[in-house]
Protein chains: 2
Amino acid sequence: MFTKSEITQQKAARKGAATIARSTIGKIRGTYDQLSRTEKKVAQLALDNPGVVSEMTIKELSSATGVSTATISRFVKRMDYANYREFTMALAHMAIEDAPQVSSFPELDEGDSLSTIANKTFRYTIHSLEATNEALSEHELARAVLKLIHAKSVTFFGLGGSSIAALDGYHKFLRTSLNVAFYPDYDIQLMQAAKLGQDDCAIIISHSGRNHETLNIADELNKNGVTIIAITSYSGSPLAQAADVSFLSLTDEVNYRSEGMYSLISQLAILDSLFMMTVLRISSRTDQTLTKVRDVIEQTRHER
Amino acid sequence: MFTKSEITQQKAARKGAATIARSTIGKIRGTYDQLSRTEKKVAQLALDNPGVVSEMTIKELSSATGVSTATISRFVKRMDYANYREFTMALAHMAIEDAPQVSSFPELDEGDSLSTIANKTFRYTIHSLEATNEALSEHELARAVLKLIHAKSVTFFGLGGSSIAALDGYHKFLRTSLNVAFYPDYDIQLMQAAKLGQDDCAIIISHSGRNHETLNIADELNKNGVTIIAITSYSGSPLAQAADVSFLSLTDEVNYRSEGMYSLISQLAILDSLFMMTVLRISSRTDQTLTKVRDVIEQTRHER
DNA sequence: TTGAAAAGTGAAACTTTTTTACATATAATA
DNA sequence: TATTATATGTAAAAAAGTTTCACTTTTCAA
């Protein structure tokens, strides 16, 4: 039998585990294109039919996908589950939580009324945010914040549509004690990249993660040993590969046609999170050198 | 691999099974005092801590209760579960459904873990979007779209933090056939405002709606009879008063201290909606002059 | 291009978990 | 008290899941 406190402890432990597990479902989505050929088969079936797969034994899943049990076992471990059983549990949770979403995500239609168009747009946006949130891992966040706090300077890079996100990041972090920079022009971004060094940190934003100019900047930064934090929509993209830490702004794959629309907002939300984490972590360490959280947030209100 | 119909069948089968399983949780409760001495120990622990027990192996449950694995195995069969695994699944479901949605909207705290900070940030953001969406009225949307479609030109105005939203709006609407403009600098914004006339349309973005420079621009526009569409957080603000149509980017009042943080994303979502509505309405009217929606959205994907 | 190193994979050995068979104990009943 | 039905644990069997190892494919540098 358990004593009361033992159970309480286990509950706490489980809660932690559950949080991790949940975000790891996002991880399957997020790392999807980094998976190998066979692993994709497994991930596909699991994501498409979480309810069905959650009730399968590893052998059944093996013959359903044509992938060996060994590979499946290794796959779930790489997805950060302790074992196959924990994986199926997570799928079961997912099946429950996704189920009540009867409305799904209808495509926008020319016949829609204006408020319908607005509603759908907002729903897509919210859905992207949820997916993005789930894909964030504590580990990556910790690494990013650590780098940011200790960096001599933080420069934001982003071209085209992503320059908006970069500009926003710059604006936000201006309010911290960090030494931040942003340059709208590509050539100047590139030149500035060449001037950064090991103690500096760069935040690069790119939806596709394969824009040529953006990659030039990343190369330049890597050459100089600058820490790169990337925000992109594809974990397998060259930018994600080149980065020290990368975050994914996700959209539901079903709506692939319009994903670019919603990635900006997800990018901003990631930046918001990084900003809040940085502010809270800085203020809790060196209180007197830096403004307190509230003051910082208070300032935000006086923005135009 | 599964065929489509096989999966459908399995889904149906599962649904049936789940229904039975659920009522069988009730069965444990119902038949509780018909259970034997040892079985009661098991049932007790399972009902009291479904979440904890759902993650135990049969051996762990055995040593936790002091009942042999054999007895437990037989017990779950008598409760109509096919096997131990199905039993733990049912417990997991129970744990989820019984857990009340405590969520609400807690303040950010210095002691929060990084993923907690991120989760809270995303939740606030989503909440703001929901509030903003609800506040949109069909009537105002219709007026705005009508003005936009028939305008000779559309200029975006925004200073400070709101310049980011203005820039984003400009970027988005560039892809339409509308004649759009944006100038980052205040003085130039003001000068350009003086050059616009009755047939033009202006979209002004300001969180507070009372920034002095922004209001100067609004005055100038009003003087020339330019149609003003405002995006602000306060319906009573001078900007909202000065505008022909105004949209509100809302945040939950409870979290007044941090509202500035989330208004940008709501502003962007409003612009997204206006963009989608404009594109869909334009394309459904004059098909040959304008690119089809899909092409436009497709272009969005190739953004950097 | 080529060859070495790295990554991916399945068969099979191995471990753990769950179920069943069997022996024994306990309680109920005639 | 003998008989029978029910309960339970031990241990063997079966099933499920994990790891090892040999082989294949891919990647990357020369």
# chains A, B, ... in the order shown; residues from 1 in each chain; ligands from 1
>>> interface_residues(of="chain B", to="chain D", cutoff="8 Å", atoms="only C-alpha atoms (C1' of nucleotides)", output="list in words")
Ser36, Ser68, Ala70 and Thr71 of chain B
>>> write_last_selection(atoms="C-alpha atoms", output="PDB file, in the first residue's frame")
ATOM      1  CA  SER B  36     -13.329 -10.258  -2.314  1.00  0.00           C
ATOM      2  CA  SER B  68      -0.485 -11.392  -6.454  1.00  0.00           C
ATOM      3  CA  ALA B  70      -2.392 -13.573 -10.896  1.00  0.00           C
ATOM      4  CA  THR B  71      -5.273 -12.292  -8.815  1.00  0.00           C
TER       5      THR B  71
END
>>> interface_residues(of="chain C", to="chain B", cutoff="10 Å", atoms="only C-alpha atoms (C1' of nucleotides)", output="VMD selection string")
chain C and resid 17 to 20
>>> write_last_selection(atoms="N, CA, C and O atoms (P, O5', C5', C4', C3', O3' and C1' of nucleotides)", output="PDB file, in the first residue's frame")
ATOM      1  P    DT C  17       8.838  -5.131 -15.945  1.00  0.00           P
ATOM      2  O5'  DT C  17       7.575  -5.806 -16.634  1.00  0.00           O
ATOM      3  C5'  DT C  17       7.153  -5.345 -17.914  1.00  0.00           C
ATOM      4  C4'  DT C  17       5.959  -6.161 -18.361  1.00  0.00           C
ATOM      5  C3'  DT C  17       4.841  -6.252 -17.335  1.00  0.00           C
ATOM      6  O3'  DT C  17       3.669  -5.806 -17.990  1.00  0.00           O
ATOM      7  C1'  DT C  17       5.360  -8.405 -18.186  1.00  0.00           C
ATOM      8  P    DT C  18       2.292  -5.641 -17.184  1.00  0.00           P
ATOM      9  O5'  DT C  18       1.562  -6.999 -17.563  1.00  0.00           O
ATOM     10  C5'  DT C  18       1.263  -7.256 -18.933  1.00  0.00           C
ATOM     11  C4'  DT C  18       0.744  -8.663 -19.094  1.00  0.00           C
ATOM     12  C3'  DT C  18      -0.463  -8.992 -18.221  1.00  0.00           C
ATOM     13  O3'  DT C  18      -1.530  -9.327 -19.099  1.00  0.00           O
ATOM     14  C1'  DT C  18       1.133 -10.748 -18.210  1.00  0.00           C
ATOM     15  P    DT C  19      -2.952  -9.785 -18.558  1.00  0.00           P
ATOM     16  O5'  DT C  19      -2.809 -11.354 -18.714  1.00  0.00           O
ATOM     17  C5'  DT C  19      -2.554 -11.899 -20.001  1.00  0.00           C
ATOM     18  C4'  DT C  19      -2.443 -13.414 -19.910  1.00  0.00           C
ATOM     19  C3'  DT C  19      -3.660 -14.101 -19.297  1.00  0.00           C
ATOM     20  O3'  DT C  19      -4.081 -15.087 -20.224  1.00  0.00           O
ATOM     21  C1'  DT C  19      -1.654 -14.862 -18.272  1.00  0.00           C
ATOM     22  P    DT C  20      -5.385 -15.946 -19.960  1.00  0.00           P
ATOM     23  O5'  DT C  20      -4.772 -17.310 -19.402  1.00  0.00           O
ATOM     24  C5'  DT C  20      -3.795 -17.997 -20.172  1.00  0.00           C
ATOM     25  C4'  DT C  20      -3.304 -19.203 -19.417  1.00  0.00           C
ATOM     26  C3'  DT C  20      -4.394 -20.072 -18.794  1.00  0.00           C
ATOM     27  O3'  DT C  20      -4.177 -21.399 -19.233  1.00  0.00           O
ATOM     28  C1'  DT C  20      -2.725 -19.550 -17.191  1.00  0.00           C
TER      29       DT C  20
END
>>> residues_around(residues="region 238-247 of chain A", least_positions_apart="2", cutoff="6 Å", atoms="only C-alpha atoms (C1' of nucleotides)", output="list in words")
Gly209, Arg210, Ile228, Ile229, Ala230, Ile231 and Ser235 of chain A
>>> select_by_dssp(residues="region 14-249 of chain A", states="strand (DSSP E or B)", output="PyMOL selection string")
chain A and resi 154-158+180-182+201-205+227-232+245-248
>>> residues_around(residues="Thr121 (chain B)", least_positions_apart="2", cutoff="8 Å", atoms="only C-alpha atoms (C1' of nucleotides)", output="PDB file with C-alpha atoms, in the first residue's frame")
ATOM      1  CA  ALA A 269       4.491  34.049 -29.789  1.00  0.00           C
ATOM      2  CA  ASP A 272       7.096  36.628 -26.588  1.00  0.00           C
ATOM      3  CA  SER A 273       7.841  33.476 -24.625  1.00  0.00           C
ATOM      4  CA  MET A 276       9.101  36.662 -20.763  1.00  0.00           C
TER       5      MET A 276
ATOM      6  CA  ILE B 117       6.210  30.456 -18.658  1.00  0.00           C
ATOM      7  CA  ALA B 118       5.901  29.511 -22.302  1.00  0.00           C
ATOM      8  CA  ASN B 119       2.600  27.733 -21.748  1.00  0.00           C
ATOM      9  CA  ARG B 123      -2.499  30.658 -23.252  1.00  0.00           C
ATOM     10  CA  TYR B 124      -2.778  34.397 -22.720  1.00  0.00           C
ATOM     11  CA  THR B 125      -2.171  34.961 -26.393  1.00  0.00           C
TER      12      THR B 125
END
>>> closest_residue(among="A:Glu39, A:Glu55, A:Glu86, A:Glu213", to="Gln189 (chain A)", atoms="only C-alpha atoms")
A:Glu213
>>> closest_residue(among="A:Val42, A:Leu271, A:Leu47, A:Leu159", to="chain B", atoms="only C-alpha atoms")
A:Leu159
>>> atom_distance(atom1="CA of Thr116 (chain B)", atom2="CA of Met277 (chain A)")
9.5 Å
>>> closest_residue(among="B:His150, B:Lys77, B:Arg37, B:His127", to="chain A", atoms="only C-alpha atoms")
B:His127
>>> select_by_dssp(residues="region 53-179 of chain B", states="helix (DSSP H, G or I)", output="PyMOL selection string")
chain B and resi 53-54+58-65+69-78+84-98+114-135+138-150+162-174
>>> closest_residue(among="B:Ala142, B:Ile72, B:Leu248, B:Ile203", to="chain A", atoms="only C-alpha atoms")
B:Ala142
>>> residues_around(residues="Ile265 (chain B)", least_positions_apart="6", cutoff="9 Å", atoms="only C-alpha atoms (C1' of nucleotides)", output="list in words")
Ile265, Leu268 and Ala269 of chain A; Thr125, Ser128, Leu129, Ala165 and Ser249 of chain B
>>> atom_distance(atom1="CA of Glu220 (chain A)", atom2="CA of Thr31 (chain A)")
25.8 Å
>>> atom_distance(atom1="CA of Arg281 (chain B)", atom2="CA of Tyr262 (chain B)")
29.1 Å
>>> closest_residue(among="B:Gln198, B:Gln267, B:Ser153, B:Gln192", to="chain A", atoms="only C-alpha atoms")
B:Gln267
